[in-house]
Structures are given as structure tokens and as C-alpha cells.
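Participant: Dropping the structure in here first, questions after.
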Amino acid sequence: EEVREEDRATNTHTFTLTLNDGLYVERMVPVLFFLSVTRDGHEFLIPEIVRLESNRPVHLIKPRGVVQAVNGREAQAVFTLRNWSPHPVTARLRVGTEGFTTRLEAETVECPPLSDVPVPLRFTARTKAGAHRLPLTVAWADLPEATVVADAAVDLRDALIPVAEDGDWTPTPADNLATFRREGRMAIHARAGEPIRATIRNVRVTQYTDALKVALRDVDHQVVWQKTIPVDESARLEWTAAMAGAHVLELLPGSGSAVVELENRAGGELATKASPVHLFNSPIRRVFHVPAGAREFRFGSRDGGPDETAAIRIVSPVGRVVLDRALTEPAPSQPFVVAVQPGEAGKLWQLEITPRQDISLWLDGEVCPVLSPSPQQALRNAE
């Protein structure tokens, strides 16, 4: 703002600063002032920084990472309400977005001074699968601006079932096993009472010695088995399913890598836009299901670096080659849109990947985002 003429004589200036972005403002607000001084025909700007205290006593911290959810099944996102003021705060909670039924433990939360309070939000989604945002609003006073908002990132997918009703299949050959990097998830289907068996290996990558953290989540996304595997070692997973449906095996190899040998169940790598699959030196062949009535879907990939490209080939059920990317060709910035032609929906498609090193990839739209090693192991979205 310009200095008013009546203030020039006293070198004072009165102004009002309104901050509308509650997600940006934290405890202190830096304000940069410039004083214009003219000397010998030259203008000089003298800066000064003034730090103003914000009148927002609380901060709402969103859930870490992406919340995994299945259409029609209850899931949970845990926010954290931080009171950084020296006074207790009574916060009112409000949540709601189209396609989601939500449930809070209480509509008000008492937050002691200088403390964190967890705010669990349970929700059930009945909407289109894909990436969603679930907002939570916190108000601490009866003023429109006395609110903060945080969004939980939700990766929503449909329930999964095997494509083949029954069928015997042999274990995946060693040259077709996926090697996970950074993080990864596998969907594994089992009926109630059926065992899930797998061997999980922490494979060293150059000088890295990260431990591999593994967790198996049941149909309700509860952790039923977990393990920390040192580098160069392996662990056996043996678990009997209590409820029919797709279980999720979560892998966190960090800078190392992980290899999973699934022995007796249908399943594959989960590769969604919100949670891509990250592979390392994995020349693999996979199949995935495009549901009946689908018109198009999207395939996205991200190279590990300028010299870490990948050859990628996608073939429809009728033998039509829809993508044939050379090994030296970099991945485009936008996903590749695949139009589904008559006779190609409701069937399995083929994907072949030959990466130089690291690659991330995902499926989005009218497609089941599970990459399976063989047709006998393939999963599809439940109708």
C-alpha cells in the first residue's frame, strides 16, 4: 500500500493485511516492506521484514501418504490436530464429499495446549474408482475465516475377484518375477479358509542395506501379518484367510529391492495412478483385465532417469498392438490413452516391459489396475 499523505509527517503508516489462505499461514507471517528513497535522481528501495503472529491457534495435519480404500468397504484416514497455542482449544469438525459416507468419533475435539490430538475419520466410498480427495474442516471460532482444511489423498479401487473360476497354474518363472523398488503392493485373492503362501526376499542393490518392511492386510485392510527382513535374507508368509476377497501385501524396500514368489493364489502387482508400481530391472510379461463395456483407459509410466528408459508393448486380446515404445524412447509426460475397440472389452490384455533400470507405471480409467503373471492368476473388478 502507498503511504498516506497525512502519515508522511510522522513517518507512520496504518494498514490492514488480510490472509485468506489458511493452508499457507502458520504461526508467523513474514511481511516484506519497501521504503522508497530518491537521491540524486535515483530511486532506492530499502527493505524490511516484519514477522506478524498469526491468530490461527491450530494446524490440521493430513494423513501421511495415500489412504487405500475399496468401494463399498469401510476404511479409515487419521488426521492430526495440532494446538500450538498456550490455551486449550475446542475444535468443531465437519466432513463430507459426494460419493463418500463419513463417520467421526465426535463432532467436537478438545485439544490441550501445545499438543497433538489424532482425529480418525472412517468412511465408505461408493463412487468411481481412482484418485480422490477427502476434505476435513476444523473450526475453532464462530467466524468464517476461523477454519482450516486438510485433504486425505484416497486411492479407491473396486473389489477384486479372479478372472478364472478355478484352475491350476504353475509358479511364476524366475525370469518373470517383479522386483519392487521404493514401495509396492500386491493384490492376492483367497476364499475364506484358504492359505496364502509366499516367499519374500530382500535383494541387495549396490551398496544399500535397507531392511525390507512387509505387511499383509486383510479384506478390511487390517494388518494380519508383518515382518522386517534384513538385506540378503528372506521370509516365509503363511496365512489362512478369514474372509473371502483380495488381500494386499505391502512392501517397503526403500533403496533396496524386494521379490515376491507367490505360490498358490491368484494375484498381481497393484498399479494405480495414486500408487504406481515401482520396478527395478524387471523385464516382465503381464496380463490385465479390461471390463465389459469399457471404452478407453490410460497407461502411464515414468522413467527412472534420462538414461533409464524402457521398451513397452501393449497388445489387445485380438492381437492389435496399441503401444510399441522403443527402449531408447523416453516416457511422455502425459498418460497414453488407449481406445477399446469392439471385441476387446471384457477380456485380458498383454503388457511387456523391458526397462534399463528403474521405472514406475500405472493403469487408470476403465481398467482393472492389477498386473498378473498369467491368465490363470489374473484378477478383475467385481461387478
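Please note that chains go A, B, ... in the order of the C-alpha cells, that every chain numbers its residues from 1, and that ligands are numbered from 1 in the order shown.
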Please, which residues in region 192-298 of chain A fall within 8 Å of region 159-183 of chain A when counting only C-alpha atoms, and what is the closest atom pair and distance in Å to one decimal for each, ordered by chain then residue number, as a Markdown table?
Facilitator:
```
| residue | atom | partner | partner_atom | distance |
| --- | --- | --- | --- | --- |
| A:Gly245 | CA | A:Leu160 | CA | 6.9 |
| A:Ala246 | CA | A:Leu160 | CA | 5.9 |
| A:Glu250 | CA | A:Glu183 | CA | 7.6 |
| A:Leu251 | CA | A:Glu183 | CA | 5.5 |
| A:Leu252 | CA | A:Glu183 | CA | 4.5 |
| A:Pro253 | CA | A:Arg182 | CA | 5.4 |
| A:Gly254 | CA | A:Arg182 | CA | 4.3 |
| A:Ser255 | CA | A:Arg182 | CA | 6.0 |
| A:Gly256 | CA | A:Arg181 | CA | 6.5 |
| A:Ser257 | CA | A:Arg181 | CA | 4.8 |
| A:Ala258 | CA | A:Phe180 | CA | 5.0 |
| A:Val259 | CA | A:Thr179 | CA | 5.0 |
| A:Val260 | CA | A:Leu177 | CA | 7.3 |
| A:Glu261 | CA | A:Thr172 | CA | 7.3 |
| A:Leu262 | CA | A:Pro171 | CA | 7.1 |
| A:Glu263 | CA | A:Pro171 | CA | 5.8 |
| A:Asn264 | CA | A:Pro171 | CA | 7.6 |
| A:Ala266 | CA | A:Pro162 | CA | 6.5 |
| A:Gly267 | CA | A:Pro162 | CA | 8.0 |
| A:Val277 | CA | A:Glu183 | CA | 7.5 |
| A:His278 | CA | A:Arg181 | CA | 5.4 |
| A:Leu279 | CA | A:Phe180 | CA | 4.8 |
| A:Phe280 | CA | A:Thr179 | CA | 5.5 |
| A:Asn281 | CA | A:Thr179 | CA | 7.0 |
| A:Ser282 | CA | A:Ala178 | CA | 5.6 |
| A:Pro283 | CA | A:Asn176 | CA | 7.0 |
| A:Ile284 | CA | A:Asn176 | CA | 4.9 |
| A:Arg285 | CA | A:Asn176 | CA | 6.5 |
```
Participant: If you count only C-alpha atoms, which residues fall within 7 Å of Val149 (chain A), apart from same-chain ones fewer than 5 positions away, as JSON, numbers by chain?
Facilitator: {"A": [23, 60, 135, 136, 137, 138]}
Participant: Export, as a compact mmCIF listing (two decimals), in the first residue's frame, the selected residues with all heavy atoms.
Facilitator:
```txt
# COMPACT_ATOMS: atom_id res chain seq x y z
N LEU A 23 -4.27 -22.57 4.51
CA LEU A 23 -3.35 -23.69 4.38
C LEU A 23 -1.90 -23.22 4.34
O LEU A 23 -0.98 -23.99 4.57
CB LEU A 23 -3.67 -24.49 3.11
CG LEU A 23 -5.05 -25.14 3.08
CD1 LEU A 23 -5.26 -25.83 1.74
CD2 LEU A 23 -5.20 -26.13 4.21
N LEU A 60 -4.04 -28.42 11.09
CA LEU A 60 -4.59 -29.73 10.79
C LEU A 60 -3.63 -30.45 9.84
O LEU A 60 -3.38 -29.97 8.72
CB LEU A 60 -5.97 -29.61 10.16
CG LEU A 60 -6.73 -30.92 9.92
CD1 LEU A 60 -6.93 -31.69 11.21
CD2 LEU A 60 -8.07 -30.64 9.25
N PRO A 135 -11.87 -34.11 2.16
CA PRO A 135 -11.52 -32.95 2.98
C PRO A 135 -12.12 -33.02 4.38
O PRO A 135 -13.25 -33.48 4.58
CB PRO A 135 -12.10 -31.78 2.20
CG PRO A 135 -13.31 -32.37 1.50
CD PRO A 135 -12.96 -33.81 1.21
N LEU A 136 -11.36 -32.54 5.35
CA LEU A 136 -11.82 -32.37 6.73
C LEU A 136 -11.63 -30.91 7.10
O LEU A 136 -10.54 -30.35 6.92
CB LEU A 136 -11.04 -33.27 7.69
CG LEU A 136 -11.37 -33.11 9.18
CD1 LEU A 136 -12.80 -33.53 9.48
CD2 LEU A 136 -10.39 -33.92 10.03
N THR A 137 -12.68 -30.28 7.64
CA THR A 137 -12.64 -28.88 8.03
C THR A 137 -12.72 -28.77 9.55
O THR A 137 -13.54 -29.43 10.18
CB THR A 137 -13.80 -28.09 7.40
OG1 THR A 137 -13.72 -28.22 5.97
CG2 THR A 137 -13.73 -26.62 7.77
N VAL A 138 -11.85 -27.93 10.12
CA VAL A 138 -11.83 -27.69 11.56
C VAL A 138 -12.08 -26.22 11.81
O VAL A 138 -11.43 -25.35 11.21
CB VAL A 138 -10.47 -28.10 12.18
CG1 VAL A 138 -10.38 -27.65 13.63
CG2 VAL A 138 -10.28 -29.60 12.08
```
Participant: What lies within 7 Å of Val31 (chain A) using only C-alpha atoms, ignoring chain neighbours under 4 positions off, as a PyMOL selection string?
Facilitator: chain A and resi 49-51
Participant: What lies within 10 Å of Gly193 (chain A) using only C-alpha atoms, ignoring chain neighbours under 4 positions off, as a PyMOL selection string?
Facilitator: chain A and resi 239-244
Participant: Suppose we keep all heavy atoms; can you now write the selection as a CSV table (one decimal), in the first residue's frame?
Facilitator:
```
chain,number,residue,atom,x,y,z
A,239,TRP,N,-0.4,-67.6,5.7
A,239,TRP,CA,-1.6,-67.1,6.4
A,239,TRP,C,-2.9,-67.7,5.9
A,239,TRP,O,-3.0,-67.8,4.7
A,239,TRP,CB,-1.6,-65.5,6.3
A,239,TRP,CG,-2.8,-64.9,7.0
A,239,TRP,CD1,-4.0,-64.5,6.4
A,239,TRP,CD2,-2.9,-64.6,8.4
A,239,TRP,NE1,-4.8,-64.0,7.3
A,239,TRP,CE2,-4.2,-64.0,8.6
A,239,TRP,CE3,-2.1,-64.8,9.4
A,239,TRP,CZ2,-4.6,-63.6,9.8
A,239,TRP,CZ3,-2.5,-64.4,10.7
A,239,TRP,CH2,-3.7,-63.8,10.9
A,240,THR,N,-3.8,-68.0,6.8
A,240,THR,CA,-5.1,-68.5,6.3
A,240,THR,C,-6.1,-67.4,6.3
A,240,THR,O,-6.3,-66.7,7.4
A,240,THR,CB,-5.6,-69.7,7.3
A,240,THR,OG1,-4.6,-70.7,7.2
A,240,THR,CG2,-6.9,-70.2,6.8
A,241,ALA,N,-6.8,-67.2,5.2
A,241,ALA,CA,-7.7,-66.1,5.1
A,241,ALA,C,-9.0,-66.4,5.9
A,241,ALA,O,-9.5,-67.5,5.9
A,241,ALA,CB,-8.1,-65.9,3.6
A,242,ALA,N,-9.4,-65.4,6.7
A,242,ALA,CA,-10.6,-65.5,7.5
A,242,ALA,C,-11.9,-65.1,6.7
A,242,ALA,O,-13.0,-65.5,7.0
A,242,ALA,CB,-10.5,-64.6,8.7
A,243,MET,N,-11.7,-64.3,5.6
A,243,MET,CA,-12.8,-63.8,4.9
A,243,MET,C,-12.4,-63.8,3.4
A,243,MET,O,-11.2,-63.6,3.0
A,243,MET,CB,-13.2,-62.4,5.3
A,243,MET,CG,-14.4,-61.8,4.6
A,243,MET,SD,-14.7,-60.1,5.2
A,243,MET,CE,-14.9,-60.4,7.0
A,244,ALA,N,-13.4,-64.1,2.5
A,244,ALA,CA,-13.1,-64.2,1.1
A,244,ALA,C,-12.9,-62.8,0.5
A,244,ALA,O,-13.5,-61.8,0.9
A,244,ALA,CB,-14.2,-64.8,0.3
```
Participant: Using DSSP assignments from the backbone, pull out every residue in region 36-187 of chain A that falls under strand (DSSP E) and give it to me as a ChimeraX atom specification.
Facilitator: /A:36-39,42-53,58-61,67-70,74-83,89-95,100-104,108-111,115-125,130-139,147-157,160-162,179-187
Participant: Next, write the just-selected residues to a file, as a CSV table (one decimal), in the first residue's frame, keeping C-alpha atoms as the atom set.
Facilitator:
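Output (part.csv):
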```csv
chain,number,residue,atom,x,y,z
A,36,SER,CA,11.3,4.2,-1.5
A,37,VAL,CA,14.1,6.8,-1.2
A,38,THR,CA,15.1,9.2,-4.0
A,39,ARG,CA,18.6,10.6,-4.1
A,42,HIS,CA,17.9,7.7,-8.4
A,43,GLU,CA,15.3,5.6,-6.6
A,44,PHE,CA,16.4,3.3,-3.9
A,45,LEU,CA,14.3,0.6,-2.2
A,46,ILE,CA,15.1,-0.1,1.4
A,47,PRO,CA,13.6,-3.5,2.5
A,48,GLU,CA,12.5,-4.5,5.9
A,49,ILE,CA,10.9,-7.8,7.1
A,50,VAL,CA,8.3,-7.7,9.8
A,51,ARG,CA,7.1,-11.0,11.2
A,52,LEU,CA,3.5,-10.9,12.5
A,53,GLU,CA,1.9,-13.5,14.7
A,58,VAL,CA,-4.4,-24.9,15.4
A,59,HIS,CA,-2.9,-26.7,12.5
A,60,LEU,CA,-4.6,-29.7,10.8
A,61,ILE,CA,-2.1,-32.3,9.5
A,67,VAL,CA,-5.1,-43.9,2.1
A,68,GLN,CA,-6.1,-47.2,0.4
A,69,ALA,CA,-9.8,-48.0,0.1
A,70,VAL,CA,-12.2,-50.4,-1.6
A,74,GLU,CA,-15.2,-49.1,5.3
A,75,ALA,CA,-11.7,-47.5,5.5
A,76,GLN,CA,-10.0,-45.0,7.8
A,77,ALA,CA,-8.0,-41.9,7.5
A,78,VAL,CA,-6.3,-40.4,10.6
A,79,PHE,CA,-5.7,-36.7,10.7
A,80,THR,CA,-3.7,-34.9,13.4
A,81,LEU,CA,-5.0,-31.7,15.1
A,82,ARG,CA,-2.1,-29.7,16.5
A,83,ASN,CA,-2.7,-27.0,19.0
A,89,VAL,CA,-9.0,-25.2,22.0
A,90,THR,CA,-12.4,-26.7,21.4
A,91,ALA,CA,-12.5,-27.6,17.7
A,92,ARG,CA,-15.6,-28.4,15.6
A,93,LEU,CA,-15.2,-30.9,12.8
A,94,ARG,CA,-17.0,-31.0,9.5
A,95,VAL,CA,-16.5,-33.5,6.7
A,100,PHE,CA,-18.4,-40.8,0.5
A,101,THR,CA,-20.3,-41.7,3.6
A,102,THR,CA,-18.3,-40.5,6.6
A,103,ARG,CA,-18.2,-41.1,10.3
A,104,LEU,CA,-16.4,-39.2,13.0
A,108,THR,CA,-16.0,-31.7,18.6
A,109,VAL,CA,-12.5,-32.3,19.8
A,110,GLU,CA,-10.8,-30.9,22.9
A,111,CYS,CA,-7.2,-30.1,22.2
A,115,SER,CA,-0.3,-30.9,22.0
A,116,ASP,CA,-1.4,-33.2,19.1
A,117,VAL,CA,-4.7,-35.0,19.0
A,118,PRO,CA,-5.4,-37.8,16.5
A,119,VAL,CA,-8.7,-37.4,14.6
A,120,PRO,CA,-9.8,-40.7,13.0
A,121,LEU,CA,-12.2,-40.4,10.1
A,122,ARG,CA,-13.9,-43.6,8.9
A,123,PHE,CA,-15.5,-43.6,5.5
A,124,THR,CA,-17.2,-45.8,3.0
A,125,ALA,CA,-16.9,-44.9,-0.7
A,130,GLY,CA,-9.4,-43.8,-8.9
A,131,ALA,CA,-7.7,-40.9,-7.0
A,132,HIS,CA,-9.9,-38.9,-4.7
A,133,ARG,CA,-9.6,-36.1,-2.1
A,134,LEU,CA,-11.5,-36.4,1.2
A,135,PRO,CA,-11.5,-33.0,3.0
A,136,LEU,CA,-11.8,-32.4,6.7
A,137,THR,CA,-12.6,-28.9,8.0
A,138,VAL,CA,-11.8,-27.7,11.6
A,139,ALA,CA,-13.3,-24.5,13.1
A,147,THR,CA,-11.2,-22.6,9.9
A,148,VAL,CA,-8.5,-24.8,8.5
A,149,VAL,CA,-8.9,-27.6,5.9
A,150,ALA,CA,-6.8,-30.6,5.1
A,151,ASP,CA,-7.3,-33.3,2.5
A,152,ALA,CA,-6.7,-37.0,2.7
A,153,ALA,CA,-5.5,-38.5,-0.5
A,154,VAL,CA,-7.5,-41.6,-1.2
A,155,ASP,CA,-6.7,-44.4,-3.7
A,156,LEU,CA,-10.0,-46.0,-4.3
A,157,ARG,CA,-10.4,-49.3,-6.2
A,160,LEU,CA,-11.3,-57.8,-6.9
A,161,ILE,CA,-12.2,-61.4,-7.9
A,162,PRO,CA,-10.3,-64.0,-10.1
A,179,THR,CA,11.5,-56.7,-8.5
A,180,PHE,CA,9.9,-53.9,-6.4
A,181,ARG,CA,11.8,-50.6,-5.6
A,182,ARG,CA,10.9,-47.9,-3.1
A,183,GLU,CA,7.4,-49.3,-2.3
A,184,GLY,CA,4.9,-51.7,-3.8
A,185,ARG,CA,1.6,-53.5,-3.3
A,186,MET,CA,0.3,-56.9,-4.5
A,187,ALA,CA,-3.3,-58.0,-4.5
```
Participant: Please compute the CA of Ala378 (chain A)-CA of Leu237 (chain A) distance, one decimal, in Å.
Facilitator: 20.6 Å
